[in-house]
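Listing of model.csv, CSV, C-alpha atoms (C1' of nucleotides)
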chain,number,residue,atom,x,y,z
A,1,MET,CA,128.5,78.0,118.8
A,2,SER,CA,129.3,75.8,115.8
A,3,ASN,CA,126.7,75.8,113.1
A,4,THR,CA,127.5,72.3,112.4
A,5,ALA,CA,125.3,71.3,115.3
A,6,PHE,CA,122.3,72.2,113.1
A,7,GLY,CA,121.7,71.0,109.6
A,8,LEU,CA,119.6,67.9,110.2
A,9,TYR,CA,116.5,68.2,108.2
A,10,PRO,CA,113.3,66.6,109.3
A,11,GLN,CA,111.8,64.8,106.4
A,12,SER,CA,108.6,66.8,106.1
A,13,VAL,CA,107.5,69.8,104.1
A,14,THR,CA,109.2,71.1,101.0
A,15,THR,CA,112.7,71.2,102.4
A,16,ALA,CA,114.4,71.7,99.1
A,17,SER,CA,112.4,74.7,98.2
A,18,ILE,CA,112.9,76.3,101.7
A,19,ASP,CA,116.6,75.7,101.3
A,20,THR,CA,116.8,77.5,98.0
A,21,ARG,CA,114.7,80.4,99.0
A,22,LEU,CA,116.7,81.0,102.2
A,23,ALA,CA,119.6,82.1,100.1
A,24,ALA,CA,117.8,84.8,98.3
A,25,GLY,CA,119.2,88.3,97.9
A,26,GLY,CA,122.5,88.9,99.7
A,27,ARG,CA,121.5,86.4,102.3
A,28,ARG,CA,123.4,83.4,103.7
A,29,ARG,CA,122.0,80.0,104.2
A,30,THR,CA,122.9,79.4,107.8
A,31,ALA,CA,122.0,76.3,109.8
A,32,GLN,CA,119.9,78.5,112.2
A,33,ARG,CA,117.8,80.0,109.5
A,34,VAL,CA,117.1,76.6,108.1
A,35,VAL,CA,115.9,75.3,111.4
A,36,VAL,CA,113.6,78.3,112.0
A,37,ALA,CA,112.1,78.0,108.5
A,38,GLU,CA,111.5,74.3,108.9
A,39,ALA,CA,110.1,74.6,112.3
A,40,LEU,CA,107.6,77.1,111.1
A,41,ALA,CA,106.7,75.1,108.0
A,42,ALA,CA,106.2,72.0,110.1
A,43,ALA,CA,103.8,73.8,112.5
A,44,LYS,CA,101.2,74.3,109.9
A,45,ARG,CA,99.5,76.9,111.9
A,46,ALA,CA,100.2,80.4,113.2
A,47,LEU,CA,102.8,80.6,115.9
A,48,SER,CA,104.1,83.6,117.8
A,49,ALA,CA,107.9,84.2,117.7
A,50,GLN,CA,108.1,83.3,121.3
A,51,GLU,CA,106.2,80.0,120.8
A,52,LEU,CA,108.5,79.1,117.9
A,53,TYR,CA,111.6,80.0,119.9
A,54,GLU,CA,110.5,77.7,122.7
A,55,ARG,CA,109.8,74.8,120.3
A,56,ILE,CA,113.1,75.2,118.7
A,57,ARG,CA,114.9,75.4,121.9
A,58,GLU,CA,113.8,71.8,122.8
A,59,THR,CA,116.0,70.5,120.0
A,60,HIS,CA,118.5,73.3,119.7
A,61,PRO,CA,119.0,74.7,123.2
A,62,THR,CA,121.7,77.1,122.3
A,63,ILE,CA,119.8,79.1,119.6
A,64,GLY,CA,119.4,82.7,120.5
A,65,ARG,CA,116.1,84.4,120.9
A,66,ALA,CA,117.1,87.3,118.6
A,67,THR,CA,118.2,84.9,116.0
A,68,VAL,CA,114.7,83.4,115.8
A,69,TYR,CA,113.1,86.8,115.7
A,70,ARG,CA,115.5,88.0,113.0
A,71,ALA,CA,115.0,84.9,110.9
A,72,LEU,CA,111.2,85.3,111.0
A,73,GLU,CA,111.4,88.9,109.9
A,74,GLN,CA,113.6,87.9,107.0
A,75,GLN,CA,111.2,85.2,106.0
A,76,VAL,CA,108.4,87.8,105.9
A,77,GLU,CA,110.5,90.1,103.8
A,78,ASP,CA,111.3,87.2,101.4
A,79,ARG,CA,107.7,86.2,101.2
A,80,MET,CA,108.3,82.8,102.8
A,81,ALA,CA,106.0,83.7,105.7
A,82,SER,CA,103.5,86.2,106.7
A,83,ARG,CA,102.9,88.0,109.9
A,84,PHE,CA,99.7,88.5,111.8
A,85,GLU,CA,98.8,90.6,114.8
A,86,ARG,CA,97.4,88.4,117.4
A,87,ASP,CA,95.6,89.7,120.5
A,88,GLY,CA,97.9,90.9,123.2
A,89,HIS,CA,100.2,92.8,120.9
A,90,VAL,CA,102.0,89.7,119.8
A,91,SER,CA,103.1,88.9,116.2
A,92,ALA,CA,102.3,85.5,114.9
A,93,TYR,CA,103.8,83.9,111.8
A,94,ILE,CA,102.7,81.3,109.3
A,95,ALA,CA,104.8,79.7,106.5
A,96,CYS,CA,103.4,80.3,103.1
A,97,ASP,CA,104.5,80.2,99.5
A,98,ALA,CA,105.4,83.1,97.3
A,99,GLU,CA,102.3,82.9,95.2
A,100,HIS,CA,99.9,85.6,96.3
A,101,HIS,CA,97.0,84.8,98.5
A,102,HIS,CA,95.2,85.8,101.7
A,103,HIS,CA,94.6,84.0,104.9
A,104,LEU,CA,91.8,82.8,107.1
A,105,VAL,CA,93.2,82.6,110.6
A,106,CYS,CA,91.3,80.7,113.2
A,107,THR,CA,91.5,82.7,116.4
A,108,SER,CA,90.8,79.6,118.5
A,109,CYS,CA,93.2,76.9,117.1
A,110,GLN,CA,95.5,79.2,115.1
A,111,ARG,CA,95.1,77.0,112.1
A,112,VAL,CA,95.4,78.9,108.8
A,113,ASP,CA,93.7,78.5,105.5
A,114,ASP,CA,94.3,80.2,102.2
A,115,ILE,CA,91.6,82.2,100.5
A,116,ALA,CA,91.4,82.4,96.8
A,117,GLU,CA,92.1,85.7,95.2
A,118,ASP,CA,88.8,85.8,93.4
A,119,VAL,CA,86.8,85.7,96.6
A,120,VAL,CA,88.5,88.9,97.7
A,121,ALA,CA,88.8,90.8,94.5
A,122,PRO,CA,85.2,91.9,94.0
A,123,MET,CA,85.2,93.5,97.4
A,124,LEU,CA,88.4,95.3,96.7
A,125,THR,CA,86.9,96.7,93.6
A,126,ALA,CA,83.8,97.8,95.4
A,127,VAL,CA,85.8,99.5,98.2
A,128,GLY,CA,87.9,101.3,95.6
A,129,ARG,CA,84.9,102.5,93.7
A,130,ARG,CA,82.8,103.6,96.6
A,131,HIS,CA,85.4,105.0,98.9
A,132,ASP,CA,88.4,105.8,96.7
A,133,PHE,CA,90.6,103.8,99.1
A,134,ALA,CA,93.4,101.4,98.1
A,135,VAL,CA,93.3,98.5,100.5
A,136,ASP,CA,96.8,97.2,101.2
A,137,HIS,CA,96.9,93.8,99.6
A,138,ALA,CA,99.4,92.5,102.0
A,139,ALA,CA,97.2,93.2,105.0
A,140,LEU,CA,94.2,91.2,103.8
A,141,ASP,CA,93.9,88.5,106.4
A,142,PHE,CA,90.7,87.5,108.1
A,143,TYR,CA,90.2,86.3,111.6
A,144,GLY,CA,87.4,84.1,112.8
A,145,LEU,CA,86.5,80.5,113.7
A,146,CYS,CA,87.1,77.5,111.5
A,147,ALA,CA,84.4,74.8,111.2
A,148,ARG,CA,86.0,72.6,113.7
A,149,CYS,CA,86.3,75.2,116.4
A,150,ARG,CA,82.8,76.5,115.7
A,151,GLY,CA,81.5,73.0,116.3
A,152,LYS,CA,83.1,72.7,119.7
A,153,ARG,CA,81.4,75.8,121.0
A,154,ARG,CA,77.9,74.5,120.4
B,1,MET,CA,92.2,114.3,142.9
B,2,SER,CA,88.9,116.0,142.8
B,3,ASN,CA,86.8,115.1,139.8
B,4,THR,CA,85.4,118.6,139.8
B,5,ALA,CA,88.5,119.7,138.0
B,6,PHE,CA,87.1,118.0,135.0
B,7,GLY,CA,83.6,118.2,133.6
B,8,LEU,CA,84.1,121.1,131.2
B,9,TYR,CA,82.9,119.9,127.8
B,10,PRO,CA,84.4,121.3,124.6
B,11,GLN,CA,81.5,122.2,122.3
B,12,SER,CA,82.2,119.6,119.6
B,13,VAL,CA,80.9,116.2,118.7
B,14,THR,CA,77.8,114.6,120.0
B,15,THR,CA,78.5,115.3,123.6
B,16,ALA,CA,75.0,114.4,124.8
B,17,SER,CA,75.1,111.0,123.2
B,18,ILE,CA,78.6,110.2,124.6
B,19,ASP,CA,77.4,111.3,128.0
B,20,THR,CA,74.5,108.9,128.0
B,21,ARG,CA,76.4,105.9,126.6
B,22,LEU,CA,79.2,106.3,129.2
B,23,ALA,CA,76.8,105.3,131.9
B,24,ALA,CA,75.8,102.0,130.3
B,25,GLY,CA,75.8,98.8,132.2
B,26,GLY,CA,76.9,99.0,135.8
B,27,ARG,CA,79.2,101.8,134.8
B,28,ARG,CA,79.6,105.2,136.4
B,29,ARG,CA,79.9,108.4,134.4
B,30,THR,CA,83.1,109.9,135.8
B,31,ALA,CA,84.6,113.1,134.6
B,32,GLN,CA,87.8,111.3,133.5
B,33,ARG,CA,85.9,108.9,131.3
B,34,VAL,CA,84.0,111.8,129.7
B,35,VAL,CA,87.3,113.5,128.9
B,36,VAL,CA,88.7,110.4,127.3
B,37,ALA,CA,85.6,109.8,125.2
B,38,GLU,CA,85.5,113.3,124.0
B,39,ALA,CA,89.2,113.5,123.2
B,40,LEU,CA,88.9,110.4,121.1
B,41,ALA,CA,85.8,111.6,119.3
B,42,ALA,CA,87.4,115.0,118.6
B,43,ALA,CA,90.4,113.4,117.1
B,44,LYS,CA,88.5,111.9,114.1
B,45,ARG,CA,91.2,109.5,113.4
B,46,ALA,CA,92.9,106.5,114.9
B,47,LEU,CA,95.1,107.3,117.9
B,48,SER,CA,97.1,105.0,120.0
B,49,ALA,CA,96.4,104.9,123.7
B,50,GLN,CA,99.7,106.6,124.4
B,51,GLU,CA,99.0,109.4,121.9
B,52,LEU,CA,95.6,110.0,123.4
B,53,TYR,CA,97.1,110.0,126.9
B,54,GLU,CA,99.6,112.6,125.9
B,55,ARG,CA,97.0,114.8,124.3
B,56,ILE,CA,94.8,114.6,127.3
B,57,ARG,CA,97.6,115.4,129.6
B,58,GLU,CA,98.0,118.8,128.0
B,59,THR,CA,94.7,119.9,129.4
B,60,HIS,CA,94.4,117.5,132.3
B,61,PRO,CA,97.9,117.0,133.6
B,62,THR,CA,96.9,114.8,136.6
B,63,ILE,CA,95.0,112.1,134.7
B,64,GLY,CA,96.6,108.7,135.1
B,65,ARG,CA,97.9,106.6,132.3
B,66,ALA,CA,96.0,103.6,133.5
B,67,THR,CA,92.8,105.6,133.6
B,68,VAL,CA,93.1,106.4,129.9
B,69,TYR,CA,93.9,102.8,129.0
B,70,ARG,CA,91.0,101.5,131.1
B,71,ALA,CA,88.6,104.0,129.7
B,72,LEU,CA,89.5,103.0,126.1
B,73,GLU,CA,89.0,99.4,126.8
B,74,GLN,CA,85.6,100.0,128.3
B,75,GLN,CA,84.6,102.1,125.3
B,76,VAL,CA,85.5,99.2,123.0
B,77,GLU,CA,83.4,96.9,125.2
B,78,ASP,CA,80.5,99.3,125.1
B,79,ARG,CA,80.8,99.7,121.3
B,80,MET,CA,81.7,103.3,121.5
B,81,ALA,CA,85.1,102.8,119.9
B,82,SER,CA,87.0,100.1,118.1
B,83,ARG,CA,90.5,98.9,118.5
B,84,PHE,CA,93.0,98.3,115.7
B,85,GLU,CA,96.5,96.7,115.8
B,86,ARG,CA,98.9,99.2,114.4
B,87,ASP,CA,102.4,98.2,113.3
B,88,GLY,CA,104.8,98.0,116.1
B,89,HIS,CA,102.4,96.0,118.4
B,90,VAL,CA,100.5,99.1,119.4
B,91,SER,CA,96.7,99.3,119.8
B,92,ALA,CA,95.0,102.2,118.1
B,93,TYR,CA,91.5,103.4,118.8
B,94,ILE,CA,88.8,105.2,116.9
B,95,ALA,CA,85.5,106.5,118.1
B,96,CYS,CA,82.4,105.1,116.4
B,97,ASP,CA,78.8,104.7,116.9
B,98,ALA,CA,76.9,101.6,118.0
B,99,GLU,CA,75.5,100.9,114.6
B,100,HIS,CA,77.4,98.1,113.0
B,101,HIS,CA,80.0,98.8,110.3
B,102,HIS,CA,83.6,98.3,109.3
B,103,HIS,CA,86.5,100.6,108.8
B,104,LEU,CA,89.0,101.7,106.3
B,105,VAL,CA,92.1,102.8,108.2
B,106,CYS,CA,94.6,104.9,106.3
B,107,THR,CA,98.1,103.6,107.3
B,108,SER,CA,99.6,106.9,106.4
B,109,CYS,CA,97.4,109.6,108.0
B,110,GLN,CA,95.4,107.3,110.3
B,111,ARG,CA,92.2,108.8,109.1
B,112,VAL,CA,89.3,106.3,109.3
B,113,ASP,CA,86.4,105.9,107.0
B,114,ASP,CA,83.4,103.7,107.4
B,115,ILE,CA,82.5,100.9,104.9
B,116,ALA,CA,78.9,100.1,104.3
B,117,GLU,CA,77.9,96.6,105.3
B,118,ASP,CA,76.7,95.7,101.8
B,119,VAL,CA,80.2,96.0,100.4
B,120,VAL,CA,81.5,93.4,102.8
B,121,ALA,CA,78.6,91.0,103.0
B,122,PRO,CA,79.0,89.3,99.7
B,123,MET,CA,82.6,88.4,100.5
B,124,LEU,CA,81.6,87.0,103.9
B,125,THR,CA,79.1,84.8,102.2
B,126,ALA,CA,81.6,83.6,99.7
B,127,VAL,CA,84.2,82.8,102.4
B,128,GLY,CA,81.6,81.0,104.4
B,129,ARG,CA,80.5,78.9,101.5
B,130,ARG,CA,83.9,78.1,100.1
B,131,HIS,CA,85.9,77.6,103.2
B,132,ASP,CA,83.3,76.9,106.0
B,133,PHE,CA,84.9,79.6,108.0
B,134,ALA,CA,83.0,82.2,110.1
B,135,VAL,CA,84.9,85.5,109.8
B,136,ASP,CA,84.8,87.5,113.0
B,137,HIS,CA,82.6,90.4,112.2
B,138,ALA,CA,84.3,92.7,114.7
B,139,ALA,CA,87.7,92.1,113.2
B,140,LEU,CA,86.8,93.3,109.8
B,141,ASP,CA,88.8,96.4,109.2
B,142,PHE,CA,90.9,97.2,106.2
B,143,TYR,CA,94.2,99.0,106.0
B,144,GLY,CA,95.5,100.9,103.1
B,145,LEU,CA,95.9,104.4,101.6
B,146,CYS,CA,93.2,107.0,101.3
B,147,ALA,CA,92.9,109.1,98.2
B,148,ARG,CA,94.7,112.0,99.7
B,149,CYS,CA,97.7,110.1,100.8
B,150,ARG,CA,97.9,108.1,97.6
B,151,GLY,CA,98.0,111.4,95.7
B,152,LYS,CA,101.0,112.6,97.8
B,153,ARG,CA,103.1,109.6,96.9
B,154,ARG,CA,103.0,110.2,93.2
C,1,DC,C1',143.6,79.7,102.2
C,2,DG,C1',142.2,84.4,103.3
C,3,DC,C1',138.8,88.3,103.3
C,4,DT,C1',134.9,90.4,104.4
C,5,DA,C1',130.3,91.1,105.0
C,6,DA,C1',126.6,88.7,107.0
C,7,DC,C1',125.3,86.3,111.0
C,8,DT,C1',125.0,84.7,115.8
C,9,DG,C1',124.1,84.5,121.0
C,10,DA,C1',123.7,86.5,125.5
C,11,DG,C1',122.2,89.8,127.9
C,12,DA,C1',120.8,94.6,128.4
C,13,DA,C1',117.6,98.0,127.1
C,14,DT,C1',113.1,99.5,125.4
C,15,DG,C1',108.5,100.7,125.7
C,16,DG,C1',103.6,99.8,125.5
C,17,DA,C1',100.4,97.6,128.4
C,18,DT,C1',98.9,95.9,132.8
C,19,DC,C1',98.7,95.3,137.7
C,20,DT,C1',98.5,96.9,142.6
C,21,DC,C1',96.5,99.3,146.3
C,22,DA,C1',95.1,102.9,149.2
C,23,DA,C1',92.3,106.9,148.6
C,24,DC,C1',88.3,108.8,146.4
C,25,DT,C1',83.5,109.2,144.1
C,26,DT,C1',79.2,108.0,142.3
C,27,DA,C1',74.8,106.1,142.6
C,28,DC,C1',71.2,104.6,145.4
C,29,DG,C1',68.2,103.4,149.3
C,30,DG,C1',66.4,105.0,153.3
D,1,DC,C1',70.4,114.7,153.3
D,2,DC,C1',73.3,110.8,154.8
D,3,DG,C1',75.6,106.3,154.7
D,4,DT,C1',77.1,102.6,152.4
D,5,DA,C1',78.7,99.6,148.8
D,6,DA,C1',80.9,99.2,144.8
D,7,DG,C1',83.0,101.3,140.8
D,8,DT,C1',87.1,104.4,139.8
D,9,DT,C1',91.3,106.7,140.1
D,10,DG,C1',96.5,107.9,140.0
D,11,DA,C1',101.2,106.8,140.8
D,12,DG,C1',104.4,103.7,140.4
D,13,DA,C1',105.9,99.1,140.0
D,14,DT,C1',105.9,95.3,137.1
D,15,DC,C1',105.4,92.5,133.0
D,16,DC,C1',106.9,90.8,128.8
D,17,DA,C1',107.4,90.7,123.7
D,18,DT,C1',110.6,92.8,121.0
D,19,DT,C1',114.7,95.2,119.7
D,20,DC,C1',119.4,96.6,120.4
D,21,DT,C1',124.4,96.0,121.3
D,22,DC,C1',128.6,94.0,120.5
D,23,DA,C1',132.3,90.8,120.5
D,24,DG,C1',133.0,86.6,118.4
D,25,DT,C1',131.9,83.4,114.4
D,26,DT,C1',131.0,81.8,109.7
D,27,DA,C1',129.4,81.5,104.7
D,28,DG,C1',130.7,82.4,100.3
D,29,DC,C1',133.8,83.9,97.0
D,30,DG,C1',138.1,84.5,94.7

Once you've parsed the file, please lay out its structure as structure tokens.
Amino acid sequence: MSNTAFGLYPQSVTTASIDTRLAAGGRRRTAQRVVVAEALAAAKRALSAQELYERIRETHPTIGRATVYRALEQQVEDRMASRFERDGHVSAYIACDAEHHHHLVCTSCQRVDDIAEDVVAPMLTAVGRRHDFAVDHAALDFYGLCARCRGKRR
Amino acid sequence: MSNTAFGLYPQSVTTASIDTRLAAGGRRRTAQRVVVAEALAAAKRALSAQELYERIRETHPTIGRATVYRALEQQVEDRMASRFERDGHVSAYIACDAEHHHHLVCTSCQRVDDIAEDVVAPMLTAVGRRHDFAVDHAALDFYGLCARCRGKRR
DNA sequence: CGCTAACTGAGAATGGATCTCAACTTACGG
DNA sequence: CCGTAAGTTGAGATCCATTCTCAGTTAGCG
């Protein structure tokens, strides 16, 4: 396939910044990787690789499944996204910026919120002191129900 | 297969308590479920269903894979065990008692430690207040390196 | 323009988890 | 003690997200 079929940017998100960061390391900025990054950023919630693949196929029917999976993995490596484990042994991804922070993932609507570091830090200290255990900073995401979804259940 | 082939208890763990709790709800205490529960309790660390299945097969070659998977799921439902998502989209299980608590899972040796509720509670309060988000209590497990494994890396 | 290493797509392969179903067992009431 | 109903079991088939393979393509650099 010709990569020139891609390359049309939707006018949302921080396209410029995405564009720059995609070329990090020894990495090439291909049209496919741009599409994947933008689709994830536009979603504004956690999506599984499969879900994202299906969304993208609507506008780019020829993109390969493996390409989407690979692009997502690279984004995680390059700190442009983070990965969650959703129920059913499925990975879900959310776009995020390089600054360090943690996430609140709503298990109902998949919307994601950031938590400030200072909410988490005291607990890390306490765990370290009481249990001599170094919590993996990258794995600190919390799952639960956001206000909206909690309202619906009542 | 005749269930009478099972039923020999290793003299470890709190066999009596396991035995009682296996019969909770409308549930039957079968020899297979006893074996699975005891094997998990004896492991004293997180094991994937597959790993546990293989361990059990050494002494009970005829047990079915699905039986082990089902038994583990039931144990989670009955609060005799909890489930983690390990890297690679694999579930791991650890035996635990009904009292409420959270876990520190060492991503290197898979050993599991309990965290006291009072270490976690302040953070839950802070998250609730700052973000109006109800963290799922059951999903509060932390991953990282225990003191022993941290020592080895240096 | 020409090289080369990175990337891509299609489909096959992988592997943990789940499903199906007939045979078997446990628990319980009589 | 027996019969029955409903929970369980084992073996294998099946599912399905993910990963792998490989030939063909392309970005980026000189």

Exercise. Considering only C-alpha atoms (C1' of nucleotides), return as an MDAnalysis selection string whatever protein or nucleic-acid residues lie within 12 Å of range 116-123 of chain A, sequence-local ones (same chain, fewer than 3 positions apart) excluded.
Key: (chainID A and resid 99:104 113 126:131 133:135 137 140:142) or (chainID B and resid 115:131 142)

Least-squares fit on all C-alpha atoms, paired in order: put chain A onto chain B and return it as a tab-separated table (two decimals) with C-alpha atoms, in the frame of the given file.
chain	number	residue	atom	x	y	z
A	1	MET	CA	92.49	114.39	142.77
A	2	SER	CA	89.07	116.05	142.66
A	3	ASN	CA	86.95	115.11	139.72
A	4	THR	CA	85.53	118.48	139.72
A	5	ALA	CA	88.59	119.68	137.86
A	6	PHE	CA	87.18	117.90	134.77
A	7	GLY	CA	83.70	118.27	133.41
A	8	LEU	CA	84.16	121.06	130.89
A	9	TYR	CA	82.87	119.89	127.62
A	10	PRO	CA	84.27	121.16	124.39
A	11	GLN	CA	81.44	122.09	122.14
A	12	SER	CA	82.10	119.59	119.37
A	13	VAL	CA	80.87	116.12	118.56
A	14	THR	CA	77.77	114.51	119.97
A	15	THR	CA	78.48	115.24	123.60
A	16	ALA	CA	75.05	114.37	124.82
A	17	SER	CA	75.06	110.97	123.31
A	18	ILE	CA	78.62	110.20	124.65
A	19	ASP	CA	77.43	111.28	128.06
A	20	THR	CA	74.50	108.91	128.07
A	21	ARG	CA	76.36	105.98	126.74
A	22	LEU	CA	79.17	106.35	129.30
A	23	ALA	CA	76.78	105.32	131.98
A	24	ALA	CA	75.83	102.07	130.47
A	25	GLY	CA	75.77	98.82	132.42
A	26	GLY	CA	76.98	99.11	136.02
A	27	ARG	CA	79.27	101.89	134.99
A	28	ARG	CA	79.76	105.37	136.48
A	29	ARG	CA	79.94	108.54	134.56
A	30	THR	CA	83.15	109.98	135.88
A	31	ALA	CA	84.73	113.23	134.74
A	32	GLN	CA	87.82	111.25	133.50
A	33	ARG	CA	85.86	108.94	131.32
A	34	VAL	CA	84.07	111.84	129.78
A	35	VAL	CA	87.27	113.56	128.89
A	36	VAL	CA	88.79	110.42	127.32
A	37	ALA	CA	85.64	109.78	125.26
A	38	GLU	CA	85.51	113.34	124.04
A	39	ALA	CA	89.12	113.51	123.28
A	40	LEU	CA	88.85	110.46	121.14
A	41	ALA	CA	85.69	111.64	119.40
A	42	ALA	CA	87.29	114.98	118.66
A	43	ALA	CA	90.37	113.34	117.05
A	44	LYS	CA	88.43	111.93	114.21
A	45	ARG	CA	91.13	109.55	113.37
A	46	ALA	CA	92.84	106.53	114.92
A	47	LEU	CA	94.99	107.28	117.90
A	48	SER	CA	97.09	104.96	120.03
A	49	ALA	CA	96.37	104.95	123.81
A	50	GLN	CA	99.67	106.57	124.40
A	51	GLU	CA	98.99	109.36	121.85
A	52	LEU	CA	95.60	110.02	123.46
A	53	TYR	CA	97.09	110.03	126.94
A	54	GLU	CA	99.63	112.64	125.88
A	55	ARG	CA	96.95	114.86	124.28
A	56	ILE	CA	94.84	114.67	127.30
A	57	ARG	CA	97.63	115.40	129.59
A	58	GLU	CA	98.11	118.88	127.98
A	59	THR	CA	94.76	119.93	129.43
A	60	HIS	CA	94.47	117.55	132.33
A	61	PRO	CA	97.99	116.97	133.63
A	62	THR	CA	97.01	114.89	136.56
A	63	ILE	CA	95.10	112.13	134.68
A	64	GLY	CA	96.65	108.76	135.11
A	65	ARG	CA	97.95	106.68	132.30
A	66	ALA	CA	96.02	103.57	133.45
A	67	THR	CA	92.89	105.55	133.66
A	68	VAL	CA	93.11	106.41	129.95
A	69	TYR	CA	93.89	102.85	129.02
A	70	ARG	CA	91.02	101.53	131.15
A	71	ALA	CA	88.57	104.03	129.75
A	72	LEU	CA	89.45	103.07	126.16
A	73	GLU	CA	88.95	99.40	126.86
A	74	GLN	CA	85.56	100.14	128.35
A	75	GLN	CA	84.60	102.18	125.36
A	76	VAL	CA	85.47	99.20	123.12
A	77	GLU	CA	83.42	96.89	125.26
A	78	ASP	CA	80.46	99.34	125.11
A	79	ARG	CA	80.79	99.71	121.40
A	80	MET	CA	81.65	103.41	121.59
A	81	ALA	CA	85.04	102.75	119.98
A	82	SER	CA	86.90	100.14	118.19
A	83	ARG	CA	90.41	98.94	118.45
A	84	PHE	CA	92.94	98.34	115.74
A	85	GLU	CA	96.37	96.76	115.74
A	86	ARG	CA	98.78	99.19	114.38
A	87	ASP	CA	102.34	98.26	113.36
A	88	GLY	CA	104.72	98.00	116.24
A	89	HIS	CA	102.37	96.06	118.47
A	90	VAL	CA	100.45	99.12	119.46
A	91	SER	CA	96.62	99.36	119.81
A	92	ALA	CA	94.94	102.26	118.18
A	93	TYR	CA	91.39	103.43	118.85
A	94	ILE	CA	88.75	105.27	116.90
A	95	ALA	CA	85.37	106.60	118.19
A	96	CYS	CA	82.45	105.12	116.41
A	97	ASP	CA	78.74	104.67	116.89
A	98	ALA	CA	76.93	101.57	117.97
A	99	GLU	CA	75.45	100.86	114.60
A	100	HIS	CA	77.42	98.09	112.95
A	101	HIS	CA	79.97	98.85	110.34
A	102	HIS	CA	83.57	98.24	109.28
A	103	HIS	CA	86.48	100.52	108.87
A	104	LEU	CA	88.94	101.68	106.27
A	105	VAL	CA	92.02	102.79	108.14
A	106	CYS	CA	94.58	104.85	106.35
A	107	THR	CA	97.97	103.58	107.42
A	108	SER	CA	99.62	106.89	106.49
A	109	CYS	CA	97.35	109.59	108.08
A	110	GLN	CA	95.37	107.33	110.43
A	111	ARG	CA	92.17	108.80	109.16
A	112	VAL	CA	89.24	106.36	109.29
A	113	ASP	CA	86.31	105.82	107.05
A	114	ASP	CA	83.29	103.61	107.43
A	115	ILE	CA	82.49	100.92	104.93
A	116	ALA	CA	78.98	99.96	104.19
A	117	GLU	CA	77.85	96.56	105.24
A	118	ASP	CA	76.76	95.59	101.78
A	119	VAL	CA	80.21	96.01	100.32
A	120	VAL	CA	81.49	93.40	102.75
A	121	ALA	CA	78.66	90.97	102.89
A	122	PRO	CA	79.04	89.24	99.53
A	123	MET	CA	82.60	88.37	100.37
A	124	LEU	CA	81.62	86.99	103.70
A	125	THR	CA	79.14	84.78	102.03
A	126	ALA	CA	81.65	83.59	99.51
A	127	VAL	CA	84.27	82.82	102.21
A	128	GLY	CA	81.66	80.89	104.18
A	129	ARG	CA	80.59	78.88	101.20
A	130	ARG	CA	83.98	78.06	99.83
A	131	HIS	CA	85.95	77.57	102.97
A	132	ASP	CA	83.38	76.83	105.69
A	133	PHE	CA	84.95	79.59	107.82
A	134	ALA	CA	83.05	82.15	109.92
A	135	VAL	CA	84.90	85.41	109.65
A	136	ASP	CA	84.70	87.36	112.91
A	137	HIS	CA	82.56	90.35	112.11
A	138	ALA	CA	84.19	92.47	114.67
A	139	ALA	CA	87.63	92.05	113.14
A	140	LEU	CA	86.70	93.27	109.67
A	141	ASP	CA	88.82	96.36	109.27
A	142	PHE	CA	90.90	97.16	106.25
A	143	TYR	CA	94.18	98.94	106.09
A	144	GLY	CA	95.50	100.87	103.15
A	145	LEU	CA	95.94	104.39	101.73
A	146	CYS	CA	93.19	106.95	101.40
A	147	ALA	CA	92.96	109.08	98.23
A	148	ARG	CA	94.71	111.95	99.76
A	149	CYS	CA	97.70	110.02	100.96
A	150	ARG	CA	97.90	108.08	97.71
A	151	GLY	CA	98.14	111.38	95.88
A	152	LYS	CA	101.08	112.59	97.91
A	153	ARG	CA	103.18	109.59	97.05
A	154	ARG	CA	103.04	110.18	93.32

Quiz prompt | Atom-to-atom span, CA of Arg65 in chain B and CA of Ala95 in chain B, Å | solution = 18.9 Å

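Taking only C-alpha atoms (C1' of nucleotides) into account, the residues near (131.4, 87.1, 112.7), no farther than 12 Å, are A:Met1, A:Ser2, C:DT4, C:DA5, C:DA6, C:DC7, C:DT8, C:DG9, D:DC22, D:DA23, D:DG24, D:DT25, D:DT26, D:DA27.
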
Determine, counting all atoms listed in the file, every residue of protein, DNA or RNA that lies within 12 Å of (114.7, 89.5, 106.9) in the file coordinates, then give the result as a compact mmCIF listing (two decimals) with C-alpha atoms (C1' of nucleotides), in the frame of the given file.
# COMPACT_ATOMS: atom_id res chain seq x y z
CA LEU A 22 116.70 81.00 102.20
CA ALA A 23 119.60 82.10 100.10
CA ALA A 24 117.80 84.80 98.30
CA GLY A 25 119.20 88.30 97.90
CA GLY A 26 122.50 88.90 99.70
CA ARG A 27 121.50 86.40 102.30
CA ARG A 28 123.40 83.40 103.70
CA ARG A 33 117.80 80.00 109.50
CA ALA A 37 112.10 78.00 108.50
CA THR A 67 118.20 84.90 116.00
CA VAL A 68 114.70 83.40 115.80
CA TYR A 69 113.10 86.80 115.70
CA ARG A 70 115.50 88.00 113.00
CA ALA A 71 115.00 84.90 110.90
CA LEU A 72 111.20 85.30 111.00
CA GLU A 73 111.40 88.90 109.90
CA GLN A 74 113.60 87.90 107.00
CA GLN A 75 111.20 85.20 106.00
CA VAL A 76 108.40 87.80 105.90
CA GLU A 77 110.50 90.10 103.80
CA ASP A 78 111.30 87.20 101.40
CA ARG A 79 107.70 86.20 101.20
CA MET A 80 108.30 82.80 102.80
CA ALA A 81 106.00 83.70 105.70
CA SER A 82 103.50 86.20 106.70
C1' DA C 6 126.60 88.70 107.00
C1' DC C 7 125.30 86.30 111.00

Exercise. Give the answer as one residue: which of A:Gly151, A:Gly144, A:Pro61, A:Gly88 has the shortest atom-to-atom distance to chain D, using all atoms listed in the file?
Key: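 The answer is A:Gly88, which sits nearest to chain D.
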